[in-house]
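**Q** Encoded as structure tokens, here's the structure I'll be asking about.
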Amino acid sequence: MKVACRLPLILTISSAAFGCQVDAKALVIQSVKNYERAWRQGMNWSYTQTDVTVTDGEKEVDVSQVAPLDGTPYERLISKNGHALTPEEQKKEDEKYDRELKKRENETPEERRARIAKYEKERAFLKDVPSAYDYQCIGDEPVNGRGAWVIKLTPRPDFVPTTSHGALLKHIEGKLWIDKQDMQWAKAEADVVSTVSIGFILARIGPGAHINMDFTRISDDLWVPRDIVVKGAARVLLVHTKNLDENLTFSNYRLQTPPKQVASSSKAAGKTR
């Protein structure tokens, strides 16, 4: 009984010791805004993406080059399992790129706006993050030598999604490491606590799945993903159960000059139908 009575005091002392005299929700709201801004800035950068997946004990490694192409990223496969593409595979990738380039160059302004809006819609759920959780600052830790607040995210039972895919947040709890200086996400962890449906019952991810994301600072106030690790199990088409074991690594970030995109956009703008 005495321990129970003293618990609030102990928690208060512990919070002060960790330097948590902060408004956790305000931190998250600001960090989401900064994340959104950084994501949009990052769309002007190219990078190398290495995708390592293990399915039923079989490992597969795909390396791709991702670059902006008239407003949205385009991914080109450049190697598989440590080997360059075969001439046939390279030809398919080149033909695929040429088709997409021609398609985007010949878009009307309305079609271009619709393509970009569709891409952005996939990330709209981030706007629901501030209202989806209860927040608690549980301490501070260094991430890559920089101080960061550690914020615990607990799903709110009364949360009502307002965006596409926002309902996914109901099934996920986690932690955010928010860089103290830039108020950007330095690290994030998420755990699936109840079954998540993806698409129109195409797949369901069960409780216990874990997602870890690490970010890196590549320029003043610009943070981008460095790696994403996903582990868990899913039922695909509600029939086949597969273990999820995927590691995405992002490297070789380079700022792209806009002339090619501007030329393409100008051509699209001048197209009439």
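Chains: A, B, ... in order of the structure tokens. Residues: from 1 per chain. Ligands: from 1, in order shown.
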For Lys180 of chain A, find every residue with an atom within 7 Å (counting only C-alpha atoms), except residues of its own chain fewer than 5 positions away, and show them as a list in words.
**A**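 Non-adjacent residues within range: Gly147, Ala148 and Trp149 of chain A.
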**Q** Could you list, with a cut-off of 12 Å and counting only C-alpha atoms, the residues of segment 100-213 of chain A near segment 24-43 of chain A, each shown with its nearest atom pair and the distance in Å rounded to one decimal, rows sorted by chain and ascending number, as a tab-separated table?
**A**
residue	atom	partner	partner_atom	distance
A:Ile116	CA	A:Met43	CA	11.3
A:Tyr119	CA	A:Met43	CA	11.4
A:Glu120	CA	A:Arg40	CA	9.5
A:Arg123	CA	A:Glu36	CA	9.1
A:Ala124	CA	A:Glu36	CA	9.6
A:Phe125	CA	A:Val32	CA	10.9
A:Leu126	CA	A:Val32	CA	7.2
A:Lys127	CA	A:Val32	CA	7.6
A:Asp128	CA	A:Val32	CA	9.8
A:Val129	CA	A:Val32	CA	7.9
A:Pro130	CA	A:Ile29	CA	5.8
A:Ser131	CA	A:Lys25	CA	9.2
A:Ala132	CA	A:Lys25	CA	10.9
A:Tyr133	CA	A:Lys25	CA	8.9
A:Asp134	CA	A:Lys25	CA	7.8
A:Tyr135	CA	A:Ala24	CA	5.7
A:Gln136	CA	A:Ala24	CA	5.8
A:Cys137	CA	A:Ala24	CA	5.6
A:Ile138	CA	A:Ala24	CA	9.4
A:Gly139	CA	A:Ala24	CA	10.7
A:Asp140	CA	A:Ala24	CA	11.9
A:Ala148	CA	A:Leu27	CA	11.1
A:Trp149	CA	A:Leu27	CA	8.8
A:Val150	CA	A:Ala24	CA	9.1
A:Ile151	CA	A:Ala24	CA	6.7
A:Lys152	CA	A:Ala24	CA	8.8
A:Leu153	CA	A:Lys25	CA	9.7
A:Thr154	CA	A:Lys25	CA	11.7
A:Lys175	CA	A:Val28	CA	10.7
A:Leu176	CA	A:Val28	CA	8.3
A:Trp177	CA	A:Val28	CA	9.8
A:Ile178	CA	A:Ser31	CA	7.1
A:Asp179	CA	A:Ser31	CA	8.9
A:Lys180	CA	A:Leu27	CA	9.5
A:Gln181	CA	A:Ser31	CA	11.2
A:Asp182	CA	A:Asn34	CA	8.5
A:Met183	CA	A:Ser31	CA	5.4
A:Gln184	CA	A:Ser31	CA	5.2
A:Trp185	CA	A:Ser31	CA	6.6
A:Ala186	CA	A:Ser31	CA	10.1
A:Lys187	CA	A:Ser31	CA	11.7
A:Ala188	CA	A:Ser31	CA	11.9
**Q** For the residues selected in the previous step, produce a file with N, CA and C atoms as a compact mmCIF listing (two decimals), in the first residue's frame.
**A**
# COMPACT_ATOMS: atom_id res chain seq x y z
N ILE A 116 0.24 12.86 -58.93
CA ILE A 116 0.94 13.32 -57.73
C ILE A 116 0.03 13.22 -56.51
N TYR A 119 -0.16 9.67 -55.29
CA TYR A 119 1.06 9.29 -54.56
C TYR A 119 1.06 9.87 -53.15
N GLU A 120 0.67 11.14 -53.04
CA GLU A 120 0.64 11.79 -51.74
C GLU A 120 -0.42 11.20 -50.82
N ARG A 123 0.35 8.61 -48.12
CA ARG A 123 1.01 9.04 -46.89
C ARG A 123 0.13 9.97 -46.07
N ALA A 124 -1.10 10.17 -46.51
CA ALA A 124 -1.98 11.12 -45.83
C ALA A 124 -2.29 10.71 -44.39
N PHE A 125 -2.17 9.42 -44.09
CA PHE A 125 -2.49 8.95 -42.74
C PHE A 125 -1.63 9.61 -41.67
N LEU A 126 -0.48 10.15 -42.06
CA LEU A 126 0.39 10.81 -41.08
C LEU A 126 -0.32 11.98 -40.40
N LYS A 127 -1.26 12.59 -41.10
CA LYS A 127 -2.01 13.70 -40.52
C LYS A 127 -2.89 13.25 -39.37
N ASP A 128 -3.18 11.94 -39.31
CA ASP A 128 -4.01 11.41 -38.23
C ASP A 128 -3.19 11.04 -36.99
N VAL A 129 -1.87 11.02 -37.12
CA VAL A 129 -1.03 10.58 -36.00
C VAL A 129 -1.27 11.39 -34.73
N PRO A 130 -1.33 12.73 -34.77
CA PRO A 130 -1.52 13.49 -33.52
C PRO A 130 -2.77 13.13 -32.74
N SER A 131 -3.86 12.76 -33.43
CA SER A 131 -5.10 12.45 -32.74
C SER A 131 -5.30 10.95 -32.49
N ALA A 132 -4.40 10.13 -33.02
CA ALA A 132 -4.57 8.68 -32.92
C ALA A 132 -4.02 8.08 -31.62
N TYR A 133 -3.19 8.85 -30.91
CA TYR A 133 -2.47 8.28 -29.77
C TYR A 133 -2.51 9.17 -28.52
N ASP A 134 -2.28 8.51 -27.40
CA ASP A 134 -1.89 9.21 -26.18
C ASP A 134 -0.37 9.19 -26.15
N TYR A 135 0.23 10.28 -25.69
CA TYR A 135 1.68 10.42 -25.75
C TYR A 135 2.29 10.57 -24.37
N GLN A 136 3.44 9.93 -24.19
CA GLN A 136 4.15 10.04 -22.92
C GLN A 136 5.65 10.10 -23.20
N CYS A 137 6.30 11.14 -22.67
CA CYS A 137 7.75 11.21 -22.77
C CYS A 137 8.34 10.29 -21.70
N ILE A 138 9.10 9.29 -22.12
CA ILE A 138 9.63 8.31 -21.18
C ILE A 138 11.13 8.43 -20.98
N GLY A 139 11.72 9.49 -21.54
CA GLY A 139 13.14 9.70 -21.32
C GLY A 139 13.79 10.38 -22.50
N ASP A 140 15.11 10.41 -22.47
CA ASP A 140 15.86 10.90 -23.63
C ASP A 140 17.08 10.03 -23.82
N ALA A 148 17.91 13.00 -28.17
CA ALA A 148 16.57 12.79 -28.70
C ALA A 148 15.60 12.47 -27.58
N TRP A 149 14.40 13.06 -27.66
CA TRP A 149 13.34 12.70 -26.73
C TRP A 149 12.75 11.36 -27.15
N VAL A 150 12.40 10.53 -26.16
CA VAL A 150 11.77 9.25 -26.45
C VAL A 150 10.29 9.36 -26.06
N ILE A 151 9.42 9.23 -27.05
CA ILE A 151 7.99 9.39 -26.84
C ILE A 151 7.27 8.07 -27.07
N LYS A 152 6.49 7.64 -26.09
CA LYS A 152 5.71 6.41 -26.22
C LYS A 152 4.34 6.74 -26.80
N LEU A 153 3.89 5.93 -27.78
CA LEU A 153 2.62 6.14 -28.44
C LEU A 153 1.67 4.98 -28.11
N THR A 154 0.54 5.32 -27.49
CA THR A 154 -0.47 4.32 -27.13
C THR A 154 -1.77 4.64 -27.86
N LYS A 175 7.11 3.82 -30.44
CA LYS A 175 7.92 4.86 -29.84
C LYS A 175 8.52 5.73 -30.95
N LEU A 176 8.71 6.99 -30.63
CA LEU A 176 9.40 7.91 -31.51
C LEU A 176 10.60 8.50 -30.78
N TRP A 177 11.71 8.57 -31.46
CA TRP A 177 12.88 9.28 -30.96
C TRP A 177 12.95 10.58 -31.74
N ILE A 178 12.68 11.71 -31.08
CA ILE A 178 12.62 13.00 -31.75
C ILE A 178 13.87 13.81 -31.44
N ASP A 179 14.62 14.12 -32.49
CA ASP A 179 15.86 14.88 -32.33
C ASP A 179 15.58 16.21 -31.64
N LYS A 180 16.32 16.50 -30.57
CA LYS A 180 16.06 17.69 -29.77
C LYS A 180 16.37 18.99 -30.53
N GLN A 181 17.35 18.95 -31.40
CA GLN A 181 17.76 20.16 -32.09
C GLN A 181 16.86 20.47 -33.29
N ASP A 182 16.62 19.47 -34.13
CA ASP A 182 15.87 19.69 -35.37
C ASP A 182 14.39 19.31 -35.26
N MET A 183 13.99 18.69 -34.16
CA MET A 183 12.60 18.25 -33.98
C MET A 183 12.16 17.35 -35.14
N GLN A 184 13.06 16.45 -35.52
CA GLN A 184 12.80 15.49 -36.59
C GLN A 184 12.87 14.08 -36.02
N TRP A 185 12.24 13.13 -36.72
CA TRP A 185 12.31 11.74 -36.29
C TRP A 185 13.70 11.20 -36.55
N ALA A 186 14.36 10.77 -35.49
CA ALA A 186 15.67 10.15 -35.63
C ALA A 186 15.54 8.63 -35.67
N LYS A 187 14.45 8.14 -35.08
CA LYS A 187 14.23 6.70 -35.01
C LYS A 187 12.76 6.47 -34.67
N ALA A 188 12.22 5.35 -35.12
CA ALA A 188 10.83 5.00 -34.80
C ALA A 188 10.70 3.50 -34.71
**Q** Mind giving me the straight-line distance from atom CA of Glu95 of chain A to atom CA of Leu69 of chain A in Å, one decimal?
**A**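 Here the two named atoms are 15.5 Å from each other.
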**Q** If you measure from atom CA of Lys80 of chain A to atom CA of Glu60 of chain A, what distance in Å do you get, rounded to one decimal?
**A**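 So the two atoms, atom CA of Lys80 of chain A and atom CA of Glu60 of chain A, lie 7.6 Å apart.
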**Q** Check the smallest atom-to-atom distance from each of A:Thr108, A:Ser194, A:Thr55, A:Ser46 to Arg254 of chain A using only C-alpha atoms, then report the winner.
**A** A:Ser46
**Q** State, in Å with one decimal place, the distance from atom CA of Ala114 of chain A to atom CA of Lys92 of chain A.
**A**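 Rounded to one decimal, the two atoms are 26.7 Å apart.
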**Q** For Ala84 of chain A, work out the shell of residues within 12 Å, counting only C-alpha atoms and skipping chain neighbours fewer than 6 positions away, then give it as JSON, numbers by chain.
**A** {"A": [61, 62, 63, 64, 77, 78, 90]}
**Q** Contacts of Gly174 of chain A at 6 Å or less, counting only C-alpha atoms, minus same-chain residues fewer than 3 places along, as an NGL selection string?
**A** :A and (153 or 189-191)
**Q** Quick one: residues within 12 Å of Val193 of chain A, only C-alpha atoms, excluding same-chain residues fewer than 6 positions away - as a PyMOL selection string?
**A** chain A and resi 154-155+168-174+205-211+232
**Q** Taking only C-alpha atoms into account, which of A:Lys59, A:His165, A:Lys103, A:Lys91 comes nearest Asn247 of chain A?
**A**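 The answer is A:Lys59, which sits nearest to Asn247 of chain A.
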**Q** Go through A:Asn106, A:Thr216, A:Thr86, A:Thr163 and flag the residue nearest Arg146 of chain A, using only C-alpha atoms for the distances.
**A**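 Closest candidate: A:Thr216.
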**Q** Taking only C-alpha atoms into account, which of A:Asp56, A:Glu100, A:Asp51, A:Asp214 comes nearest Ser79 of chain A?
**A**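 Comparing A:Asp56, A:Glu100, A:Asp51, A:Asp214 against Ser79 of chain A, the winner is A:Asp51.
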**Q** I need the residues in segment 9-246 of chain A that are strand (DSSP E or B) according to DSSP; give them as a short mmCIF file (atom, residue, chain, number, x, y, z; two decimals) with C-alpha atoms, in the first residue's frame.
**A**
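Final output, saved to result_19.cif:
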data_model
loop_
_atom_site.label_atom_id
_atom_site.label_comp_id
_atom_site.auth_asym_id
_atom_site.auth_seq_id
_atom_site.Cartn_x
_atom_site.Cartn_y
_atom_site.Cartn_z
CA TRP A 45 16.72 13.56 -54.15
CA SER A 46 17.74 10.28 -55.78
CA TYR A 47 19.02 7.34 -53.76
CA THR A 48 19.94 3.67 -53.87
CA GLN A 49 17.49 1.23 -52.29
CA THR A 50 18.61 -2.23 -51.19
CA ASP A 51 15.73 -4.60 -50.43
CA VAL A 52 16.64 -7.81 -48.60
CA THR A 53 13.77 -10.26 -48.08
CA VAL A 54 13.73 -13.73 -46.56
CA THR A 55 10.73 -15.91 -47.38
CA GLU A 58 15.12 -18.16 -49.13
CA LYS A 59 16.95 -14.84 -49.32
CA GLU A 60 16.49 -12.37 -52.15
CA VAL A 61 18.34 -9.10 -52.64
CA ASP A 62 17.14 -6.42 -55.06
CA VAL A 63 19.04 -3.16 -55.54
CA SER A 64 17.22 -0.28 -57.22
CA GLN A 65 17.89 3.30 -58.14
CA VAL A 66 15.09 5.67 -57.14
CA ALA A 67 14.95 9.13 -58.70
CA PRO A 68 12.36 11.89 -59.15
CA LEU A 69 10.57 11.73 -62.47
CA THR A 72 6.96 11.53 -58.21
CA PRO A 73 9.74 8.96 -57.66
CA TYR A 74 10.53 6.23 -60.16
CA GLU A 75 12.30 3.01 -59.17
CA ARG A 76 14.63 1.14 -61.55
CA LEU A 77 16.02 -2.28 -60.68
CA ILE A 78 19.82 -2.37 -61.18
CA SER A 79 20.90 -5.71 -59.68
CA LYS A 80 19.56 -8.96 -58.21
CA HIS A 83 24.66 -9.78 -59.77
CA ALA A 84 24.07 -7.28 -62.54
CA TYR A 133 -2.47 8.28 -29.77
CA ASP A 134 -1.89 9.21 -26.18
CA TYR A 135 1.68 10.42 -25.75
CA GLN A 136 4.15 10.04 -22.92
CA CYS A 137 7.75 11.21 -22.77
CA ILE A 138 9.63 8.31 -21.18
CA GLY A 139 13.14 9.70 -21.32
CA ASP A 140 15.86 10.90 -23.63
CA GLU A 141 18.56 8.93 -25.42
CA PRO A 142 21.36 9.76 -27.83
CA VAL A 143 20.78 8.63 -31.43
CA ARG A 146 22.58 13.55 -30.95
CA GLY A 147 20.12 14.02 -28.10
CA ALA A 148 16.57 12.79 -28.70
CA TRP A 149 13.34 12.70 -26.73
CA VAL A 150 11.77 9.25 -26.45
CA ILE A 151 7.99 9.39 -26.84
CA LYS A 152 5.71 6.41 -26.22
CA LEU A 153 2.62 6.14 -28.44
CA THR A 154 -0.47 4.32 -27.13
CA PRO A 155 -3.52 3.98 -29.43
CA ILE A 172 -0.16 -0.04 -33.96
CA GLU A 173 1.66 1.19 -30.87
CA GLY A 174 5.23 2.36 -30.72
CA LYS A 175 7.92 4.86 -29.84
CA LEU A 176 9.40 7.91 -31.51
CA TRP A 177 12.88 9.28 -30.96
CA ILE A 178 12.62 13.00 -31.75
CA ASP A 179 15.86 14.88 -32.33
CA TRP A 185 12.31 11.74 -36.29
CA ALA A 186 15.67 10.15 -35.63
CA LYS A 187 14.23 6.70 -35.01
CA ALA A 188 10.83 5.00 -34.80
CA GLU A 189 9.57 1.64 -33.63
CA ALA A 190 6.11 0.19 -34.17
CA ASP A 191 4.44 -2.98 -32.92
CA VAL A 192 1.25 -4.44 -34.36
CA VAL A 196 -4.13 -5.20 -39.61
CA SER A 197 -5.84 -5.64 -42.98
CA ILE A 198 -4.04 -4.33 -46.04
CA ALA A 203 -3.36 -9.57 -46.69
CA ARG A 204 -3.60 -9.45 -42.93
CA ILE A 205 -0.68 -8.83 -40.60
CA HIS A 210 7.57 -5.30 -35.52
CA ILE A 211 8.76 -2.36 -37.62
CA ASN A 212 11.94 -0.41 -36.96
CA MET A 213 12.95 2.75 -38.84
CA ASP A 214 16.17 4.71 -38.60
CA PHE A 215 16.71 8.15 -40.14
CA THR A 216 19.80 10.14 -41.03
CA ARG A 217 20.52 13.86 -41.45
CA ILE A 218 21.89 14.55 -44.94
CA SER A 219 21.73 18.35 -44.94
CA LEU A 222 16.70 17.46 -43.85
CA TRP A 223 16.25 13.97 -42.45
CA VAL A 224 15.66 10.92 -44.63
CA PRO A 225 15.19 7.17 -44.01
CA ARG A 226 18.35 5.14 -43.59
CA ASP A 227 16.85 1.70 -43.08
CA ILE A 228 13.53 -0.01 -42.37
CA VAL A 229 13.23 -3.48 -40.85
CA VAL A 230 9.96 -5.42 -40.83
CA LYS A 231 9.46 -8.72 -39.04
CA GLY A 232 6.28 -10.68 -38.41
CA ALA A 233 3.75 -12.89 -40.15
CA ALA A 234 0.97 -12.26 -42.63
CA ARG A 235 -1.81 -14.18 -44.31
CA VAL A 236 -1.81 -13.41 -48.00
CA HIS A 240 -1.11 -18.55 -47.30
CA THR A 241 0.72 -17.58 -44.11
CA LYS A 242 4.15 -16.11 -44.76
CA ASN A 243 6.81 -14.83 -42.42
CA LEU A 244 7.74 -11.21 -42.98
CA ASP A 245 11.47 -10.57 -42.81
CA GLU A 246 12.48 -7.57 -44.86
#
